[in-house]
>>> print(open('final.txt').read())   # compact mmCIF, C-alpha atoms
# COMPACT_ATOMS: atom_id res chain seq x y z
CA MET A 7 157.24 47.34 86.77
CA SER A 8 153.75 48.41 86.66
CA ARG A 9 152.68 51.98 86.64
CA ARG A 10 149.46 52.96 88.09
CA ALA A 11 147.19 54.92 85.75
CA PRO A 12 145.52 58.05 87.22
CA THR A 13 141.87 57.62 88.09
CA PRO A 14 139.33 59.84 86.36
CA SER A 15 138.27 61.40 89.66
CA GLY A 16 141.78 62.51 90.55
CA SER A 17 143.49 62.32 93.87
CA PRO A 18 141.68 62.99 97.13
CA ALA A 19 143.74 66.16 97.59
CA MET A 20 142.70 67.39 94.15
CA ARG A 21 139.00 66.71 94.84
CA GLY A 22 139.22 68.56 98.16
CA ALA A 23 140.85 71.58 96.47
CA LEU A 24 138.15 71.65 93.78
CA LEU A 25 135.40 71.51 96.43
CA ILE A 26 137.00 74.39 98.34
CA VAL A 27 137.31 76.48 95.16
CA ALA A 28 133.67 75.74 94.25
CA ALA A 29 132.51 76.65 97.78
CA VAL A 30 134.46 79.93 97.74
CA LEU A 31 133.04 80.89 94.35
CA LEU A 32 129.51 80.00 95.42
CA GLY A 33 129.89 81.92 98.68
CA ALA A 34 131.31 84.98 96.91
CA GLY A 35 128.40 84.93 94.45
CA LEU A 36 125.81 84.69 97.22
CA LEU A 37 127.52 87.41 99.25
CA ALA A 38 127.69 89.77 96.26
CA ASN A 39 124.02 89.09 95.44
CA GLY A 40 123.01 89.80 99.05
CA PHE A 41 124.52 93.31 98.92
CA ARG A 42 123.18 94.16 95.47
CA ASP A 43 120.70 97.07 95.32
CA ASP A 44 117.63 95.53 93.68
CA ASP A 45 115.27 98.19 92.29
CA ALA A 46 112.34 95.75 92.12
CA ALA A 47 112.32 95.01 95.86
CA SER A 48 109.44 95.90 98.15
CA VAL A 49 110.32 96.93 101.67
CA SER A 50 107.82 97.07 104.48
CA GLY A 51 108.05 100.12 106.76
CA SER A 52 108.47 100.22 110.50
CA SER A 53 104.78 100.42 111.41
CA PRO A 54 101.84 98.25 110.35
CA ASN A 55 100.20 101.11 108.48
CA THR A 56 103.21 102.29 106.42
CA THR A 57 104.48 100.62 103.24
CA ARG A 58 107.49 101.68 101.20
CA THR A 59 107.68 100.36 97.65
CA THR A 60 110.43 100.88 95.07
CA VAL A 61 109.60 100.39 91.40
CA PRO A 62 112.21 100.26 88.60
CA GLY A 63 112.70 103.73 87.10
CA ALA A 64 110.63 105.46 89.81
CA THR A 65 111.56 107.27 92.97
CA SER A 66 110.89 105.74 96.37
CA SER A 67 107.65 106.81 98.06
CA THR A 68 105.90 106.22 101.36
CA VAL A 69 102.21 105.39 101.36
CA VAL A 70 100.37 105.75 104.65
CA GLN A 71 97.54 103.29 104.93
CA ALA A 72 94.43 103.87 106.96
CA HIS A 73 93.83 101.85 110.13
CA ASP A 74 90.93 99.45 110.57
CA PRO A 75 88.02 101.85 111.31
CA ALA A 76 87.27 100.02 114.58
CA GLN A 77 90.73 101.08 115.81
CA VAL A 78 90.14 104.78 115.11
CA LYS A 79 88.57 106.89 117.88
CA VAL A 80 86.64 109.82 116.38
CA LEU A 81 85.14 112.82 118.17
CA VAL A 82 82.48 114.75 116.20
CA LEU A 83 81.79 118.33 117.26
CA ASN A 84 78.98 120.50 115.89
CA GLY A 85 80.21 123.86 114.67
CA SER A 86 77.33 124.46 112.26
CA GLY A 87 74.91 126.09 114.66
CA LYS A 88 72.20 123.57 113.70
CA ALA A 89 70.88 121.09 116.26
CA GLY A 90 71.59 117.38 115.81
CA VAL A 91 74.46 117.70 113.32
CA ALA A 92 77.15 116.15 115.55
CA LYS A 93 74.89 113.17 116.28
CA ALA A 94 74.21 112.75 112.55
CA GLY A 95 77.98 112.73 111.91
CA LYS A 96 78.49 110.27 114.76
CA ASP A 97 75.81 107.94 113.37
CA GLN A 98 77.27 108.11 109.85
CA LEU A 99 80.78 107.23 111.08
CA ALA A 100 79.52 104.55 113.48
CA ALA A 101 77.77 102.90 110.50
CA ALA A 102 81.21 102.76 108.82
CA ASN A 103 82.50 100.91 111.95
CA TYR A 104 84.51 103.80 113.47
CA THR A 105 84.76 104.01 117.25
CA VAL A 106 82.89 107.27 117.78
CA LEU A 107 83.07 109.12 121.09
CA GLU A 108 80.10 111.04 122.54
CA PRO A 109 79.48 113.99 120.17
CA GLY A 110 79.28 117.59 121.37
CA ASN A 111 79.41 121.21 120.28
CA ALA A 112 82.50 123.06 119.13
CA ALA A 113 83.35 125.99 121.39
CA GLY A 114 83.40 129.54 120.09
CA GLY A 115 80.57 129.83 117.61
CA THR A 116 79.69 128.79 114.09
CA VAL A 117 82.38 127.41 111.80
CA THR A 118 81.81 127.87 108.08
CA SER A 119 84.41 125.30 106.87
CA SER A 120 84.54 121.85 108.40
CA ILE A 121 87.88 120.66 109.75
CA VAL A 122 89.00 117.06 110.27
CA TYR A 123 91.92 117.15 112.71
CA PHE A 124 94.15 114.09 113.13
CA VAL A 125 96.93 113.03 115.47
CA ALA A 126 100.22 111.80 113.98
CA GLY A 127 99.80 108.57 112.03
CA TYR A 128 96.07 109.04 111.38
CA ASP A 129 96.23 111.34 108.33
CA ALA A 130 94.95 108.66 105.94
CA ASP A 131 92.07 107.96 108.34
CA ALA A 132 91.21 111.68 108.48
CA GLY A 133 91.10 111.81 104.68
CA THR A 134 88.79 108.80 104.58
CA ILE A 135 86.54 110.28 107.26
CA ALA A 136 86.40 113.61 105.41
CA ALA A 137 85.32 111.77 102.25
CA LYS A 138 82.66 109.76 104.13
CA LEU A 139 81.21 113.04 105.43
CA GLY A 140 81.27 114.63 101.95
CA LEU A 141 84.08 117.05 102.84
CA ALA A 142 87.07 118.13 100.78
CA ALA A 143 90.33 116.24 101.34
CA SER A 144 91.88 119.60 102.31
CA ALA A 145 89.66 119.59 105.43
CA ALA A 146 92.10 117.07 107.00
CA GLN A 147 94.77 118.83 109.08
CA PRO A 148 97.16 117.82 111.87
CA LEU A 149 95.74 118.44 115.34
CA PRO A 150 97.71 121.40 116.71
CA THR A 151 99.22 121.59 120.18
CA PRO A 152 97.83 123.30 122.16
CA LEU A 153 94.30 122.41 121.05
CA PRO A 154 92.43 125.05 119.06
CA PRO A 155 89.86 127.03 121.07
CA SER A 156 86.98 125.21 119.32
CA ILE A 157 88.03 121.92 120.99
CA ALA A 158 87.66 122.01 124.76
CA ASP A 159 88.71 118.35 125.20
CA ALA A 160 89.79 115.92 122.46
CA GLN A 161 88.96 112.98 124.80
CA GLY A 162 91.88 110.94 123.46
CA ALA A 163 90.46 110.87 119.94
CA ASN A 164 92.69 110.01 116.97
CA VAL A 165 90.51 112.17 114.71
CA VAL A 166 88.41 115.20 115.72
CA VAL A 167 85.78 116.42 113.26
CA ILE A 168 84.41 119.94 113.58
CA VAL A 169 81.33 119.98 111.37
CA GLY A 170 80.87 123.40 109.78
CA THR A 171 78.04 124.91 107.79
CA ASP A 172 79.62 123.59 104.56
CA ALA A 173 79.08 119.92 105.51
CA PRO A 174 76.29 118.04 103.73
CA ILE A 175 75.00 116.76 107.12
CA ALA A 176 74.59 120.43 108.13
CA GLY A 177 72.78 121.31 104.89
CA GLY A 178 75.91 122.61 103.13
CA ALA A 179 77.21 121.77 99.67
CA GLY A 180 80.18 119.77 100.94
CA ALA A 181 83.50 119.35 99.16
CA GLY A 182 82.77 121.97 96.51
CA THR A 183 82.58 124.94 98.91
CA THR A 184 85.31 127.22 100.16
CA SER A 185 85.05 129.58 103.10
CA SER A 186 86.68 130.70 106.34
CA THR A 187 86.93 128.75 109.60
CA ALA A 188 86.52 131.85 111.79
CA PRO A 189 83.71 131.62 114.37
CA THR A 190 80.82 133.97 113.61
CA THR A 191 77.96 133.10 115.99
CA THR A 192 77.25 130.88 118.97
CA SER A 193 76.54 127.15 118.44
CA LEU A 194 73.20 125.64 119.28
CA PRO A 195 73.20 122.72 121.73
>>> encode(input="final.txt", output="structure tokens")
Amino acid sequence: MSRRAPTPSGSPAMRGALLIVAAVLLGAGLLANGFRDDDAASVSGSSPNTTRTTVPGATSSTVVQAHDPAQVKVLVLNGSGKAGVAKAGKDQLAAANYTVLEPGNAAGGTVTSSIVYFVAGYDADAGTIAAKLGLAASAAQPLPTPLPPSIADAQGANVVVIVGTDAPIAGGAGAGTTSSTAPTTTSLP
């Protein structure tokens, strides 16, 4: 009588069971890794100009990125009382590739502190525009609804700049000045 010696690879049933066990372990490992909270991951936000990044040991933050200047419509209004200031602001922003609407005068008189109003999602652009015009970052503010009396028509602009007497293009000192935004005299055309 001859006995058959077991083969090193085992029976087909044994090999199948080992493959199933290996597949289950591999699948469980991949599944657990997929649900793990990884602190070093970067996650892109819901819009093309928002990025959320998480860094190990830091809290999560949202960074709003400025749009391509050609995609930002800017309206420049002269509130300084000096002729040609809105056009000078328009020319300066157009040179930086912004889409600048036809400039005009702010309604209601002279403004001593420049304001850079922005619609939702354009706050980073307003900050950049303020800097390009030599204005303080604090000049950037959300555009209120209804429009302030100094803006008769925003013309669909994403950013509206009211150039006050503090602006360098109006002969002011720029970002280093502080003063009120209350109208004091009538604007010049």
>>> atom_distance(input="final.txt", atom1="CA of Thr171 in chain A", atom2="CA of Gly115 in chain A")
11.3 Å
>>> closest_residue(input="final.txt", among="A:Gln77, A:Gln98, A:Ser86, A:Gln147", to="Ala113 in chain A", atoms="only C-alpha atoms")
A:Ser86
>>> atom_distance(input="final.txt", atom1="CA of Gly95 in chain A", atom2="CA of Pro155 in chain A")
20.7 Å
>>> residues_around(input="final.txt", residues="Asp129 in chain A", least_positions_apart="5", cutoff="8 Å", atoms="only C-alpha atoms", output="compact mmCIF listing (two decimals) with C-alpha atoms, keeping the file's coordinate frame")
# COMPACT_ATOMS: atom_id res chain seq x y z
CA VAL A 70 100.37 105.75 104.65
CA ALA A 72 94.43 103.87 106.96
CA PHE A 124 94.15 114.09 113.13
CA ALA A 146 92.10 117.07 107.00
CA GLN A 147 94.77 118.83 109.08
CA PRO A 148 97.16 117.82 111.87
